[in-house]
>>> print(open('start.cif').read())   # mmCIF, C-alpha atoms
data_query
#
loop_
_atom_site.label_atom_id
_atom_site.label_comp_id
_atom_site.auth_asym_id
_atom_site.auth_seq_id
_atom_site.Cartn_x
_atom_site.Cartn_y
_atom_site.Cartn_z
CA MET P 1387 67.49 116.63 -41.17
CA PRO P 1388 69.89 119.48 -40.39
CA LEU P 1389 70.40 120.71 -36.85
CA ILE P 1390 70.03 124.43 -36.24
CA LYS P 1391 71.53 126.29 -33.30
CA ILE P 1392 69.45 129.31 -32.29
CA GLN P 1393 70.29 131.72 -29.50
CA ARG P 1394 68.03 131.38 -26.49
CA HIS P 1395 66.80 134.99 -26.60
CA TYR P 1396 64.85 134.14 -29.80
CA LEU P 1397 62.85 131.48 -27.92
CA VAL P 1398 59.18 132.42 -27.54
CA SER P 1399 57.74 129.20 -26.15
CA GLN P 1400 58.35 125.50 -25.97
CA ASP P 1401 56.43 122.39 -25.08
CA GLU P 1402 57.02 118.67 -25.21
CA ASP P 1403 56.63 118.48 -29.02
CA SER P 1404 57.89 121.77 -30.40
CA ILE P 1405 59.57 125.11 -29.86
CA THR P 1406 58.52 128.50 -31.17
CA VAL P 1407 61.15 131.08 -32.02
CA ASP P 1408 60.99 134.63 -33.30
CA VAL P 1409 64.04 135.12 -35.53
CA PRO P 1410 64.88 138.18 -37.65
CA GLU P 1411 64.10 138.14 -41.36
CA SER P 1412 67.81 138.38 -42.15
CA ILE P 1413 68.45 135.01 -40.50
CA LEU P 1414 65.58 133.42 -42.41
CA LEU P 1415 66.94 134.75 -45.70
CA HIS P 1416 70.38 133.36 -44.84
CA TRP P 1417 68.87 129.92 -44.10
CA LYS P 1418 66.86 130.03 -47.31
CA ASN P 1419 69.99 130.79 -49.38
CA ASP P 1420 71.90 127.99 -47.66
CA TYR P 1421 69.04 125.56 -48.28
CA GLN P 1422 68.89 126.52 -51.96
CA LYS P 1423 72.64 125.86 -52.32
CA ILE P 1424 72.28 122.46 -50.66
CA ALA P 1425 69.29 121.52 -52.81
CA LYS P 1426 71.17 122.56 -55.96
CA ALA P 1427 74.21 120.50 -54.95
CA LYS P 1428 72.04 117.46 -54.24
CA GLY P 1429 70.43 117.83 -57.67
CA ILE P 1430 73.83 118.02 -59.38
CA LEU P 1431 75.07 114.96 -57.50
CA ASN P 1432 71.91 112.97 -58.24
CA SER P 1433 72.13 113.69 -61.95
CA LYS P 1434 75.77 112.56 -62.03
CA LYS P 1435 75.41 109.63 -59.64
CA LYS P 1436 75.90 106.87 -62.23
CA ALA P 1437 79.00 108.53 -63.67
CA ILE P 1438 80.48 109.08 -60.20
CA LEU P 1439 79.86 105.47 -59.16
CA ALA P 1440 81.33 104.17 -62.43
CA HIS P 1441 84.42 106.32 -61.92
CA LEU P 1442 84.82 105.06 -58.34
CA GLU P 1443 84.53 101.47 -59.51
CA THR P 1444 87.22 102.11 -62.14
CA ILE P 1445 89.51 103.61 -59.51
CA ARG P 1446 88.96 100.66 -57.18
CA GLN P 1447 90.05 98.23 -59.89
#
>>> encode(input="start.cif", output="C-alpha cells")
Amino acid sequence: MPLIKIQRHYLVSQDEDSITVDVPESILLHWKNDYQKIAKAKGILNSKKKAILAHLETIRQ
C-alpha cells in the first residue's frame, strides 16, 4: 500500500481509525494518473515475468 503525504490544511477530521481530507480535484487527477501508470507497469511486468526470471537465471549461470 503506498504512503501519501498530504498537507495538514487539507485535514477535515480524524479519529482512531481514519482521517478525512478535502483535497482539490487537481490533486486527485494527479494521483489517478500516477496509479494508472503503476497499474500498467505491473501488468507489463506480470505478463513478462517468466521471460524475466528465465533471463535472470541465464545471467546467474
>>> atom_distance(input="start.cif", atom1="atom CA of Val1409 of chain P", atom2="atom CA of Gln1393 of chain P")
9.3 Å
>>> atom_distance(input="start.cif", atom1="atom CA of Leu1442 of chain P", atom2="atom CA of Lys1428 of chain P")
18.3 Å
>>> atom_distance(input="start.cif", atom1="atom CA of Gln1400 of chain P", atom2="atom CA of Ile1413 of chain P")
20.1 Å
>>> axis_aligned_box(input="start.cif", around="segment 1415-1434 of chain P", padding_each_side="6 Å", output="lines of an AutoDock Vina configuration file")
center_x = 71.3
center_y = 123.7
center_z = -53.1
size_x = 20.9
size_y = 34.2
size_z = 29.9
>>> build_atoms(input="start.cif", residues="segment 1394-1428 of chain P", atoms="N, CA and C atoms", output="compact mmCIF listing (two decimals), in the frame of the given file")
# COMPACT_ATOMS: atom_id res chain seq x y z
N ARG P 1394 69.17 131.54 -27.39
CA ARG P 1394 68.03 131.38 -26.49
C ARG P 1394 67.12 132.62 -26.46
N HIS P 1395 67.65 133.80 -26.69
CA HIS P 1395 66.80 134.99 -26.60
C HIS P 1395 65.76 135.06 -27.73
N TYR P 1396 65.87 134.20 -28.75
CA TYR P 1396 64.85 134.14 -29.80
C TYR P 1396 63.70 133.21 -29.41
N LEU P 1397 63.86 132.44 -28.35
CA LEU P 1397 62.85 131.48 -27.92
C LEU P 1397 61.61 132.21 -27.41
N VAL P 1398 60.45 131.84 -27.96
CA VAL P 1398 59.18 132.42 -27.54
C VAL P 1398 58.48 131.46 -26.58
N SER P 1399 58.38 130.21 -27.00
CA SER P 1399 57.74 129.20 -26.15
C SER P 1399 58.22 127.83 -26.54
N GLN P 1400 58.00 126.88 -25.66
CA GLN P 1400 58.35 125.50 -25.97
C GLN P 1400 57.43 124.59 -25.19
N ASP P 1401 57.18 123.43 -25.76
CA ASP P 1401 56.43 122.39 -25.08
C ASP P 1401 57.10 121.06 -25.37
N GLU P 1402 56.42 120.00 -25.07
CA GLU P 1402 57.02 118.67 -25.21
C GLU P 1402 57.30 118.32 -26.68
N ASP P 1403 56.51 118.85 -27.61
CA ASP P 1403 56.63 118.48 -29.02
C ASP P 1403 57.31 119.50 -29.91
N SER P 1404 57.36 120.76 -29.49
CA SER P 1404 57.89 121.77 -30.40
C SER P 1404 58.42 122.98 -29.63
N ILE P 1405 59.13 123.81 -30.38
CA ILE P 1405 59.57 125.11 -29.86
C ILE P 1405 59.11 126.18 -30.85
N THR P 1406 58.89 127.36 -30.34
CA THR P 1406 58.52 128.50 -31.17
C THR P 1406 59.57 129.57 -30.97
N VAL P 1407 60.13 130.05 -32.08
CA VAL P 1407 61.15 131.08 -32.02
C VAL P 1407 60.74 132.25 -32.90
N ASP P 1408 61.22 133.41 -32.53
CA ASP P 1408 60.99 134.63 -33.30
C ASP P 1408 62.36 135.12 -33.76
N VAL P 1409 62.72 134.76 -35.01
CA VAL P 1409 64.04 135.12 -35.53
C VAL P 1409 63.90 136.25 -36.55
N PRO P 1410 64.93 137.08 -36.67
CA PRO P 1410 64.88 138.18 -37.65
C PRO P 1410 64.80 137.66 -39.08
N GLU P 1411 64.24 138.47 -39.93
CA GLU P 1411 64.10 138.14 -41.36
C GLU P 1411 65.46 137.86 -42.00
N SER P 1412 66.48 138.57 -41.57
CA SER P 1412 67.81 138.38 -42.15
C SER P 1412 68.32 136.96 -41.93
N ILE P 1413 68.03 136.39 -40.77
CA ILE P 1413 68.45 135.01 -40.50
C ILE P 1413 67.67 134.05 -41.39
N LEU P 1414 66.39 134.29 -41.55
CA LEU P 1414 65.58 133.42 -42.41
C LEU P 1414 66.07 133.46 -43.85
N LEU P 1415 66.43 134.63 -44.34
CA LEU P 1415 66.94 134.75 -45.70
C LEU P 1415 68.26 134.00 -45.85
N HIS P 1416 69.11 134.08 -44.83
CA HIS P 1416 70.38 133.36 -44.84
C HIS P 1416 70.14 131.85 -44.91
N TRP P 1417 69.20 131.35 -44.09
CA TRP P 1417 68.87 129.92 -44.10
C TRP P 1417 68.30 129.50 -45.44
N LYS P 1418 67.47 130.35 -46.02
CA LYS P 1418 66.86 130.03 -47.31
C LYS P 1418 67.94 129.92 -48.39
N ASN P 1419 68.89 130.84 -48.41
CA ASN P 1419 69.99 130.79 -49.38
C ASN P 1419 70.82 129.54 -49.19
N ASP P 1420 71.13 129.19 -47.93
CA ASP P 1420 71.90 127.99 -47.66
C ASP P 1420 71.15 126.76 -48.13
N TYR P 1421 69.84 126.70 -47.87
CA TYR P 1421 69.04 125.56 -48.28
C TYR P 1421 69.01 125.43 -49.80
N GLN P 1422 68.90 126.55 -50.50
CA GLN P 1422 68.89 126.52 -51.96
C GLN P 1422 70.21 125.99 -52.50
N LYS P 1423 71.33 126.36 -51.89
CA LYS P 1423 72.64 125.86 -52.32
C LYS P 1423 72.73 124.36 -52.10
N ILE P 1424 72.25 123.89 -50.96
CA ILE P 1424 72.28 122.46 -50.66
C ILE P 1424 71.40 121.69 -51.63
N ALA P 1425 70.21 122.19 -51.88
CA ALA P 1425 69.29 121.52 -52.81
C ALA P 1425 69.89 121.46 -54.21
N LYS P 1426 70.53 122.53 -54.63
CA LYS P 1426 71.17 122.56 -55.96
C LYS P 1426 72.30 121.53 -56.02
N ALA P 1427 73.11 121.47 -54.98
CA ALA P 1427 74.21 120.50 -54.95
C ALA P 1427 73.69 119.07 -54.98
N LYS P 1428 72.63 118.80 -54.24
CA LYS P 1428 72.04 117.46 -54.24
C LYS P 1428 71.54 117.11 -55.64
